[in-house]
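Shown next: query.cif, containing mmCIF, C-alpha atoms.
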```
data_protein
#
loop_
_atom_site.label_atom_id
_atom_site.label_comp_id
_atom_site.auth_asym_id
_atom_site.auth_seq_id
_atom_site.Cartn_x
_atom_site.Cartn_y
_atom_site.Cartn_z
CA MET A 604 1.73 2.70 -14.92
CA ILE A 605 4.40 2.23 -12.29
CA LYS A 606 6.58 -0.91 -12.38
CA PRO A 607 8.13 -1.54 -8.94
CA LEU A 608 11.59 -3.08 -8.58
CA GLY A 609 12.77 -5.92 -6.35
CA ASP A 610 10.61 -6.59 -3.29
CA ARG A 611 8.48 -3.47 -3.71
CA VAL A 612 4.78 -3.21 -4.51
CA VAL A 613 2.51 -0.40 -5.70
CA VAL A 614 -0.65 0.06 -3.64
CA LYS A 615 -3.73 2.10 -4.51
CA VAL A 616 -4.70 3.56 -1.17
CA VAL A 617 -8.31 3.05 -0.06
CA GLU A 618 -9.64 6.28 1.43
CA LYS A 619 -12.53 5.85 3.81
CA GLU A 620 -14.94 8.64 4.62
CA GLU A 621 -14.63 9.03 8.35
CA LYS A 622 -17.51 10.20 10.49
CA THR A 623 -17.92 10.78 14.18
CA LYS A 624 -20.55 8.83 16.11
CA SER A 625 -22.90 11.79 15.71
CA GLY A 626 -22.51 11.70 11.89
CA ILE A 627 -20.15 14.63 11.33
CA VAL A 628 -17.81 14.02 8.38
CA LEU A 629 -14.19 14.66 9.36
CA PRO A 630 -12.04 16.87 7.09
CA ASP A 631 -8.80 15.48 5.64
CA THR A 632 -6.72 17.33 8.23
CA ALA A 633 -8.44 15.46 11.09
CA LYS A 634 -8.29 11.97 9.57
CA GLU A 635 -5.87 9.22 10.44
CA LYS A 636 -3.40 8.27 7.73
CA PRO A 637 -4.91 5.35 5.72
CA GLN A 638 -3.45 1.89 6.22
CA GLU A 639 -5.42 -0.14 3.71
CA GLY A 640 -5.14 -0.53 -0.03
CA LYS A 641 -5.19 -2.75 -3.09
CA ILE A 642 -2.01 -3.97 -4.74
CA VAL A 643 -1.87 -2.85 -8.38
CA ALA A 644 1.70 -3.93 -9.26
CA VAL A 645 4.42 -6.12 -7.76
CA GLY A 646 8.17 -6.26 -8.27
CA THR A 647 10.19 -9.28 -9.34
CA GLY A 648 11.02 -10.35 -5.79
CA LYS A 649 13.83 -10.02 -3.29
CA LEU A 650 17.35 -10.78 -4.55
CA LEU A 651 19.31 -12.90 -2.07
CA ASP A 652 23.09 -12.67 -1.57
CA ASN A 653 23.54 -15.94 -3.48
CA GLY A 654 21.83 -14.49 -6.57
CA GLN A 655 18.51 -16.31 -6.17
CA ARG A 656 15.29 -14.34 -6.37
CA VAL A 657 12.52 -15.01 -3.83
CA ALA A 658 8.95 -14.38 -5.04
CA LEU A 659 6.71 -12.03 -3.05
CA ASP A 660 3.94 -13.36 -0.78
CA VAL A 661 1.45 -10.87 -2.26
CA LYS A 662 0.04 -10.50 -5.77
CA GLU A 663 -1.84 -7.94 -7.83
CA GLY A 664 -5.41 -7.55 -6.63
CA ASP A 665 -4.68 -8.42 -2.98
CA LYS A 666 -6.26 -6.12 -0.42
CA VAL A 667 -3.63 -5.38 2.22
CA ILE A 668 -3.03 -3.56 5.49
CA PHE A 669 0.31 -1.77 5.66
CA ALA A 670 2.41 0.14 8.18
CA LYS A 671 0.97 3.59 8.84
CA TYR A 672 4.08 5.57 7.91
CA GLY A 673 5.71 3.13 5.49
CA GLY A 674 6.38 3.67 1.82
CA THR A 675 6.61 6.59 -0.56
CA GLU A 676 3.56 8.47 -1.82
CA VAL A 677 3.36 9.16 -5.56
CA LYS A 678 0.71 10.62 -7.86
CA VAL A 679 0.28 9.28 -11.40
CA ASP A 680 -2.43 10.63 -13.73
CA GLY A 681 -4.20 12.25 -10.76
CA GLN A 682 -4.36 9.01 -8.75
CA ASP A 683 -2.55 8.55 -5.44
CA TYR A 684 -0.39 5.46 -4.99
CA LEU A 685 2.03 4.21 -2.38
CA ILE A 686 5.24 2.33 -3.17
CA LEU A 687 6.01 -0.06 -0.32
CA SER A 688 8.62 -2.64 0.45
CA GLU A 689 7.03 -6.03 1.10
CA ARG A 690 8.22 -5.85 4.73
CA ASP A 691 5.91 -2.82 5.25
CA ILE A 692 2.84 -4.99 4.46
CA LEU A 693 1.35 -6.30 7.67
CA ALA A 694 -1.49 -8.51 6.41
CA ILE A 695 -3.62 -9.60 3.47
CA VAL A 696 -7.36 -9.01 3.95
CA GLU A 697 -9.38 -12.00 2.72
#
```

Go ahead and express the file in the form of structure tokens.
Amino acid sequence: MIKPLGDRVVVKVVEKEEKTKSGIVLPDTAKEKPQEGKIVAVGTGKLLDNGQRVALDVKEGDKVIFAKYGGTEVKVDGQDYLILSERDILAIVE
């Protein structure tokens, strides 16, 4: 598994099957880049200049919406993940 550092998180991207209104399934090349996922690992938090560490606002298991072009894509054991900084996370879906 991937262990993120600092204020970074690892997100398992949720791929949605996209269809047109008439029911045609869109190929990967025509789809929008996904912006939703589930957090599978979190770092230890942001390190401030004074040496204190601030905990992240998100936790493992949270479903989140993130910036469309944020983060770094990685593949581990055939599964796609995204490593994001906490500032790239826009919202938690409840």

Requested in this report: Considering all atoms listed in the file, return as a ChimeraX atom specification whatever protein or nucleic-acid residues lie within 6 Å of Val667 (chain A), sequence-local ones (same chain, fewer than 2 positions apart) excluded.
Outcome: /A:639-640,694-696

Give as a PyMOL selection string the set of residues within 9 Å of the point (-6.3, 2.7, -0.6), where distances use the file's coordinates and only C-alpha atoms. chain A and resi 614-619+637-642+666-667+683-685

| message | Show me the residues around (2.8, -8.8, 8.5) - criterion: an atom at most 12 Å away, only C-alpha atoms counted - as a PyMOL selection string. | response | chain A and resi 660-661+667-670+688-696

- Task: For CA of Ala644 (chain A) and CA of Leu659 (chain A), determine how far apart the two atoms are, in Å to one decimal place.
- Result: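 Those two atoms sit 11.4 Å apart.
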
So what does the PyMOL selection byres ((chain A and resi 605) around 9) actually pick up in this one, as a list in words?
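With the PyMOL selection byres ((chain A and resi 605) around 9) on this model, the match is Met604, Lys606, Pro607, Val613, Val643, Ala644 and Val679 of chain A.
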
From CA of Leu687 (chain A) to CA of Thr675 (chain A) the spacing works out at 6.7 Å

Subject >> Between CA of Ile627 (chain A) and CA of Lys671 (chain A), distance in Å (one decimal) >> reply: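 Pair CA of Ile627 (chain A) / CA of Lys671 (chain A) returns 24.0 Å.
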
Using all atoms listed in the file, which residue out of A:Gly673, A:Ile686, A:Gly646, A:Ser625 lies closest to Ala658 (chain A)?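 Of A:Gly673, A:Ile686, A:Gly646, A:Ser625, the one nearest Ala658 (chain A), counting all atoms listed in the file, is A:Gly646.
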
Taking every listed atom of region 654-671 of chain A and adding 6 Å to each side, what centre and edge lengths in Å (one decimal) does the axis-aligned box have, as JSON?
```
{"center_x": 7.8, "center_y": -6.4, "center_z": 0.5, "size_x": 40.1, "size_y": 31.9, "size_z": 28.7}
```

For chain A in the structure I just supplied, write out C-alpha atoms - as a PDB file, in the first residue's frame.
```
ATOM      1  CA  MET A 604       0.000   0.000   0.000  1.00  0.00           C
ATOM      2  CA  ILE A 605       1.021   3.618  -0.416  1.00  0.00           C
ATOM      3  CA  LYS A 606       1.789   5.708   2.692  1.00  0.00           C
ATOM      4  CA  PRO A 607       1.489   9.433   1.880  1.00  0.00           C
ATOM      5  CA  LEU A 608       3.726  12.006   3.565  1.00  0.00           C
ATOM      6  CA  GLY A 609       2.824  15.314   5.199  1.00  0.00           C
ATOM      7  CA  ASP A 610      -0.477  16.842   4.065  1.00  0.00           C
ATOM      8  CA  ARG A 611      -1.005  14.380   1.218  1.00  0.00           C
ATOM      9  CA  VAL A 612      -3.718  11.757   0.822  1.00  0.00           C
ATOM     10  CA  VAL A 613      -4.160   8.716  -1.415  1.00  0.00           C
ATOM     11  CA  VAL A 614      -7.504   8.562  -3.221  1.00  0.00           C
ATOM     12  CA  LYS A 615      -9.038   5.607  -5.053  1.00  0.00           C
ATOM     13  CA  VAL A 616     -10.693   7.272  -8.013  1.00  0.00           C
ATOM     14  CA  VAL A 617     -14.371   6.453  -8.592  1.00  0.00           C
ATOM     15  CA  GLU A 618     -14.960   5.878 -12.303  1.00  0.00           C
ATOM     16  CA  LYS A 619     -18.513   6.411 -13.435  1.00  0.00           C
ATOM     17  CA  GLU A 620     -19.897   4.888 -16.602  1.00  0.00           C
ATOM     18  CA  GLU A 621     -21.005   7.860 -18.615  1.00  0.00           C
ATOM     19  CA  LYS A 622     -23.893   7.681 -21.046  1.00  0.00           C
ATOM     20  CA  THR A 623     -25.523  10.191 -23.304  1.00  0.00           C
ATOM     21  CA  LYS A 624     -29.214  11.004 -22.865  1.00  0.00           C
ATOM     22  CA  SER A 625     -29.996   8.499 -25.612  1.00  0.00           C
ATOM     23  CA  GLY A 626     -28.154   5.716 -23.720  1.00  0.00           C
ATOM     24  CA  ILE A 627     -24.902   5.516 -25.689  1.00  0.00           C
ATOM     25  CA  VAL A 628     -21.944   4.599 -23.454  1.00  0.00           C
ATOM     26  CA  LEU A 629     -19.063   7.031 -23.950  1.00  0.00           C
ATOM     27  CA  PRO A 630     -15.550   5.615 -24.529  1.00  0.00           C
ATOM     28  CA  ASP A 631     -12.717   6.599 -22.171  1.00  0.00           C
ATOM     29  CA  THR A 632     -11.362   9.108 -24.686  1.00  0.00           C
ATOM     30  CA  ALA A 633     -14.626  11.103 -24.616  1.00  0.00           C
ATOM     31  CA  LYS A 634     -15.114  11.124 -20.834  1.00  0.00           C
ATOM     32  CA  GLU A 635     -14.388  13.976 -18.478  1.00  0.00           C
ATOM     33  CA  LYS A 636     -11.537  13.415 -16.046  1.00  0.00           C
ATOM     34  CA  PRO A 637     -13.027  12.010 -12.777  1.00  0.00           C
ATOM     35  CA  GLN A 638     -13.218  14.307  -9.766  1.00  0.00           C
ATOM     36  CA  GLU A 639     -14.578  11.976  -7.114  1.00  0.00           C
ATOM     37  CA  GLY A 640     -12.960   9.295  -5.016  1.00  0.00           C
ATOM     38  CA  LYS A 641     -12.549   7.576  -1.668  1.00  0.00           C
ATOM     39  CA  ILE A 642      -9.620   8.317   0.620  1.00  0.00           C
ATOM     40  CA  VAL A 643      -7.640   5.142   1.336  1.00  0.00           C
ATOM     41  CA  ALA A 644      -4.652   6.644   3.201  1.00  0.00           C
ATOM     42  CA  VAL A 645      -3.730   9.961   4.823  1.00  0.00           C
ATOM     43  CA  GLY A 646      -0.405  11.544   5.721  1.00  0.00           C
ATOM     44  CA  THR A 647       0.674  12.728   9.146  1.00  0.00           C
ATOM     45  CA  GLY A 648      -0.441  16.324   8.570  1.00  0.00           C
ATOM     46  CA  LYS A 649       1.034  19.641   7.536  1.00  0.00           C
ATOM     47  CA  LEU A 650       4.248  20.705   9.294  1.00  0.00           C
ATOM     48  CA  LEU A 651       4.154  24.377  10.292  1.00  0.00           C
ATOM     49  CA  ASP A 652       7.221  26.650  10.408  1.00  0.00           C
ATOM     50  CA  ASN A 653       7.228  26.453  14.218  1.00  0.00           C
ATOM     51  CA  GLY A 654       7.550  22.648  14.123  1.00  0.00           C
ATOM     52  CA  GLN A 655       3.941  21.846  15.049  1.00  0.00           C
ATOM     53  CA  ARG A 656       1.998  19.381  12.946  1.00  0.00           C
ATOM     54  CA  VAL A 657      -1.606  20.179  11.969  1.00  0.00           C
ATOM     55  CA  ALA A 658      -3.909  17.173  11.457  1.00  0.00           C
ATOM     56  CA  LEU A 659      -5.777  16.814   8.162  1.00  0.00           C
ATOM     57  CA  ASP A 660      -9.503  17.614   7.880  1.00  0.00           C
ATOM     58  CA  VAL A 661     -10.132  14.341   6.017  1.00  0.00           C
ATOM     59  CA  LYS A 662      -9.771  10.720   7.103  1.00  0.00           C
ATOM     60  CA  GLU A 663      -9.628   7.279   5.543  1.00  0.00           C
ATOM     61  CA  GLY A 664     -12.992   6.253   4.128  1.00  0.00           C
ATOM     62  CA  ASP A 665     -14.152   9.799   3.322  1.00  0.00           C
ATOM     63  CA  LYS A 666     -15.718  10.252  -0.101  1.00  0.00           C
ATOM     64  CA  VAL A 667     -14.304  13.453  -1.586  1.00  0.00           C
ATOM     65  CA  ILE A 668     -14.477  15.744  -4.590  1.00  0.00           C
ATOM     66  CA  PHE A 669     -11.098  17.009  -5.754  1.00  0.00           C
ATOM     67  CA  ALA A 670      -9.671  19.454  -8.285  1.00  0.00           C
ATOM     68  CA  LYS A 671      -9.941  18.098 -11.823  1.00  0.00           C
ATOM     69  CA  TYR A 672      -6.247  18.314 -12.682  1.00  0.00           C
ATOM     70  CA  GLY A 673      -4.750  18.043  -9.198  1.00  0.00           C
ATOM     71  CA  GLY A 674      -2.504  15.317  -7.882  1.00  0.00           C
ATOM     72  CA  THR A 675      -0.319  12.587  -9.315  1.00  0.00           C
ATOM     73  CA  GLU A 676      -1.729   9.398 -10.815  1.00  0.00           C
ATOM     74  CA  VAL A 677      -0.139   6.109  -9.734  1.00  0.00           C
ATOM     75  CA  LYS A 678      -0.940   2.444 -10.335  1.00  0.00           C
ATOM     76  CA  VAL A 679      -0.341  -0.142  -7.598  1.00  0.00           C
ATOM     77  CA  ASP A 680      -1.207  -3.816  -8.098  1.00  0.00           C
ATOM     78  CA  GLY A 681      -3.335  -2.923 -11.140  1.00  0.00           C
ATOM     79  CA  GLN A 682      -5.424  -0.350  -9.245  1.00  0.00           C
ATOM     80  CA  ASP A 683      -5.391   3.360 -10.110  1.00  0.00           C
ATOM     81  CA  TYR A 684      -4.837   5.848  -7.291  1.00  0.00           C
ATOM     82  CA  LEU A 685      -4.295   9.570  -7.056  1.00  0.00           C
ATOM     83  CA  ILE A 686      -1.922  11.219  -4.579  1.00  0.00           C
ATOM     84  CA  LEU A 687      -3.270  14.658  -3.685  1.00  0.00           C
ATOM     85  CA  SER A 688      -2.281  17.475  -1.400  1.00  0.00           C
ATOM     86  CA  GLU A 689      -5.081  18.283   1.043  1.00  0.00           C
ATOM     87  CA  ARG A 690      -5.482  21.704  -0.615  1.00  0.00           C
ATOM     88  CA  ASP A 691      -6.580  19.925  -3.841  1.00  0.00           C
ATOM     89  CA  ILE A 692      -9.603  18.428  -2.023  1.00  0.00           C
ATOM     90  CA  LEU A 693     -12.630  20.632  -2.563  1.00  0.00           C
ATOM     91  CA  ALA A 694     -15.290  18.905  -0.458  1.00  0.00           C
ATOM     92  CA  ILE A 695     -16.280  15.834   1.543  1.00  0.00           C
ATOM     93  CA  VAL A 696     -19.432  14.090   0.263  1.00  0.00           C
ATOM     94  CA  GLU A 697     -21.687  13.063   3.161  1.00  0.00           C
TER      95      GLU A 697
END
```
